[in-house]
Amino acid sequence: MNIAKQAELETAIAEGKFTTLTLSSETSLEVPAGSRFVGIPGTKSPQNPGGIMVEVYWEPDESGSLCISGHSDEMPIPPHIQLSDPPNTKSAKKTRNYN
């Protein structure tokens, strides 16, 4: 990661900036700007005890601010990884807050 991108990421985290990530399932998550891996709330199950996550891809927009350029397919969270759920989740059908 280049120095400018790292600085933008650190600033976004320090300032508590969030960006909306919309998944294929039409669920929207507010994720910390620059987050690489994001856990999806409500996805823990016997088959996936840690839940499900996606990898978020970022790139700078025209002004140099980080914006989401895409995300991976949903995947199980590996047992050795602990991710906190995003602060809230919005669905096309309902809104849920996770705090």
# chains A, B, ... in the order shown; residues from 1 in each chain; ligands from 1
>>> select_by_dssp(residues="stretch 9-68 of chain A", states="strand (DSSP E or B)", output="ChimeraX atom specification")
/A:18-22,27-32,37-40,52-60,66-68
>>> closest_residue(among="A:Val56, A:Thr19, A:Asp61, A:Pro49", to="A:Arg36", atoms="only C-alpha atoms")
A:Val56
>>> atom_distance(atom1="atom CA of A:Pro41", atom2="atom CA of A:Glu59")
24.7 Å
>>> decode(residues="stretch 32-55 of chain A", atoms="N, CA, C and O atoms", output="PDB file, in the first residue's frame")
ATOM      1  N   PRO A  32     -16.455   0.854   8.206  1.00  0.00           N
ATOM      2  CA  PRO A  32     -15.420   1.878   8.365  1.00  0.00           C
ATOM      3  C   PRO A  32     -14.657   2.046   7.049  1.00  0.00           C
ATOM      4  O   PRO A  32     -14.285   1.056   6.407  1.00  0.00           O
ATOM      5  N   ALA A  33     -14.469   3.272   6.633  1.00  0.00           N
ATOM      6  CA  ALA A  33     -13.765   3.542   5.384  1.00  0.00           C
ATOM      7  C   ALA A  33     -12.385   2.909   5.424  1.00  0.00           C
ATOM      8  O   ALA A  33     -11.650   3.056   6.390  1.00  0.00           O
ATOM      9  N   GLY A  34     -12.072   2.147   4.390  1.00  0.00           N
ATOM     10  CA  GLY A  34     -10.773   1.507   4.288  1.00  0.00           C
ATOM     11  C   GLY A  34     -10.705   0.105   4.861  1.00  0.00           C
ATOM     12  O   GLY A  34      -9.682  -0.556   4.743  1.00  0.00           O
ATOM     13  N   SER A  35     -11.790  -0.381   5.488  1.00  0.00           N
ATOM     14  CA  SER A  35     -11.784  -1.731   6.063  1.00  0.00           C
ATOM     15  C   SER A  35     -11.573  -2.760   4.972  1.00  0.00           C
ATOM     16  O   SER A  35     -12.227  -2.709   3.936  1.00  0.00           O
ATOM     17  N   ARG A  36     -10.708  -3.714   5.222  1.00  0.00           N
ATOM     18  CA  ARG A  36     -10.442  -4.739   4.207  1.00  0.00           C
ATOM     19  C   ARG A  36     -11.411  -5.910   4.329  1.00  0.00           C
ATOM     20  O   ARG A  36     -11.922  -6.403   3.330  1.00  0.00           O
ATOM     21  N   PHE A  37     -11.649  -6.388   5.549  1.00  0.00           N
ATOM     22  CA  PHE A  37     -12.559  -7.507   5.778  1.00  0.00           C
ATOM     23  C   PHE A  37     -13.698  -7.042   6.666  1.00  0.00           C
ATOM     24  O   PHE A  37     -13.460  -6.365   7.671  1.00  0.00           O
ATOM     25  N   VAL A  38     -14.929  -7.426   6.314  1.00  0.00           N
ATOM     26  CA  VAL A  38     -16.103  -6.999   7.065  1.00  0.00           C
ATOM     27  C   VAL A  38     -16.986  -8.205   7.347  1.00  0.00           C
ATOM     28  O   VAL A  38     -17.362  -8.938   6.425  1.00  0.00           O
ATOM     29  N   GLY A  39     -17.305  -8.408   8.629  1.00  0.00           N
ATOM     30  CA  GLY A  39     -18.224  -9.465   9.022  1.00  0.00           C
ATOM     31  C   GLY A  39     -19.653  -9.041   8.730  1.00  0.00           C
ATOM     32  O   GLY A  39     -20.002  -7.866   8.871  1.00  0.00           O
ATOM     33  N   ILE A  40     -20.480  -9.995   8.317  1.00  0.00           N
ATOM     34  CA  ILE A  40     -21.884  -9.721   8.019  1.00  0.00           C
ATOM     35  C   ILE A  40     -22.712 -10.136   9.231  1.00  0.00           C
ATOM     36  O   ILE A  40     -22.726 -11.310   9.602  1.00  0.00           O
ATOM     37  N   PRO A  41     -23.407  -9.179   9.866  1.00  0.00           N
ATOM     38  CA  PRO A  41     -24.191  -9.496  11.058  1.00  0.00           C
ATOM     39  C   PRO A  41     -25.271 -10.544  10.774  1.00  0.00           C
ATOM     40  O   PRO A  41     -25.843 -10.594   9.683  1.00  0.00           O
ATOM     41  N   GLY A  42     -25.528 -11.373  11.786  1.00  0.00           N
ATOM     42  CA  GLY A  42     -26.602 -12.351  11.692  1.00  0.00           C
ATOM     43  C   GLY A  42     -26.300 -13.568  10.847  1.00  0.00           C
ATOM     44  O   GLY A  42     -27.215 -14.284  10.445  1.00  0.00           O
ATOM     45  N   THR A  43     -25.018 -13.838  10.564  1.00  0.00           N
ATOM     46  CA  THR A  43     -24.678 -14.962   9.690  1.00  0.00           C
ATOM     47  C   THR A  43     -24.038 -16.136  10.429  1.00  0.00           C
ATOM     48  O   THR A  43     -23.633 -17.102   9.790  1.00  0.00           O
ATOM     49  N   LYS A  44     -23.972 -16.074  11.750  1.00  0.00           N
ATOM     50  CA  LYS A  44     -23.414 -17.203  12.497  1.00  0.00           C
ATOM     51  C   LYS A  44     -24.401 -18.363  12.446  1.00  0.00           C
ATOM     52  O   LYS A  44     -25.607 -18.174  12.559  1.00  0.00           O
ATOM     53  N   SER A  45     -23.868 -19.559  12.254  1.00  0.00           N
ATOM     54  CA  SER A  45     -24.692 -20.762  12.168  1.00  0.00           C
ATOM     55  C   SER A  45     -23.816 -21.954  12.565  1.00  0.00           C
ATOM     56  O   SER A  45     -22.597 -21.818  12.678  1.00  0.00           O
ATOM     57  N   PRO A  46     -24.436 -23.137  12.753  1.00  0.00           N
ATOM     58  CA  PRO A  46     -23.607 -24.316  13.058  1.00  0.00           C
ATOM     59  C   PRO A  46     -22.572 -24.595  11.951  1.00  0.00           C
ATOM     60  O   PRO A  46     -21.466 -25.035  12.228  1.00  0.00           O
ATOM     61  N   GLN A  47     -22.928 -24.319  10.696  1.00  0.00           N
ATOM     62  CA  GLN A  47     -21.990 -24.536   9.590  1.00  0.00           C
ATOM     63  C   GLN A  47     -20.896 -23.466   9.553  1.00  0.00           C
ATOM     64  O   GLN A  47     -19.794 -23.716   9.076  1.00  0.00           O
ATOM     65  N   ASN A  48     -21.215 -22.253  10.011  1.00  0.00           N
ATOM     66  CA  ASN A  48     -20.268 -21.129  10.019  1.00  0.00           C
ATOM     67  C   ASN A  48     -20.299 -20.472  11.397  1.00  0.00           C
ATOM     68  O   ASN A  48     -20.890 -19.404  11.569  1.00  0.00           O
ATOM     69  N   PRO A  49     -19.663 -21.099  12.398  1.00  0.00           N
ATOM     70  CA  PRO A  49     -19.740 -20.576  13.767  1.00  0.00           C
ATOM     71  C   PRO A  49     -19.173 -19.163  13.928  1.00  0.00           C
ATOM     72  O   PRO A  49     -19.584 -18.426  14.815  1.00  0.00           O
ATOM     73  N   GLY A  50     -18.252 -18.778  13.064  1.00  0.00           N
ATOM     74  CA  GLY A  50     -17.699 -17.427  13.127  1.00  0.00           C
ATOM     75  C   GLY A  50     -18.496 -16.428  12.318  1.00  0.00           C
ATOM     76  O   GLY A  50     -18.299 -15.227  12.422  1.00  0.00           O
ATOM     77  N   GLY A  51     -19.413 -16.915  11.472  1.00  0.00           N
ATOM     78  CA  GLY A  51     -20.200 -16.043  10.602  1.00  0.00           C
ATOM     79  C   GLY A  51     -19.601 -15.969   9.204  1.00  0.00           C
ATOM     80  O   GLY A  51     -18.690 -16.724   8.850  1.00  0.00           O
ATOM     81  N   ILE A  52     -20.123 -15.032   8.439  1.00  0.00           N
ATOM     82  CA  ILE A  52     -19.724 -14.830   7.040  1.00  0.00           C
ATOM     83  C   ILE A  52     -19.105 -13.439   6.900  1.00  0.00           C
ATOM     84  O   ILE A  52     -19.491 -12.503   7.596  1.00  0.00           O
ATOM     85  N   MET A  53     -18.152 -13.312   5.988  1.00  0.00           N
ATOM     86  CA  MET A  53     -17.494 -12.025   5.746  1.00  0.00           C
ATOM     87  C   MET A  53     -17.312 -11.803   4.245  1.00  0.00           C
ATOM     88  O   MET A  53     -17.503 -12.715   3.445  1.00  0.00           O
ATOM     89  N   VAL A  54     -16.946 -10.580   3.912  1.00  0.00           N
ATOM     90  CA  VAL A  54     -16.524 -10.255   2.549  1.00  0.00           C
ATOM     91  C   VAL A  54     -15.232  -9.448   2.640  1.00  0.00           C
ATOM     92  O   VAL A  54     -14.958  -8.809   3.659  1.00  0.00           O
ATOM     93  N   GLU A  55     -14.448  -9.507   1.588  1.00  0.00           N
ATOM     94  CA  GLU A  55     -13.292  -8.624   1.459  1.00  0.00           C
ATOM     95  C   GLU A  55     -13.742  -7.437   0.629  1.00  0.00           C
ATOM     96  O   GLU A  55     -14.369  -7.604  -0.416  1.00  0.00           O
TER      97      GLU A  55
END
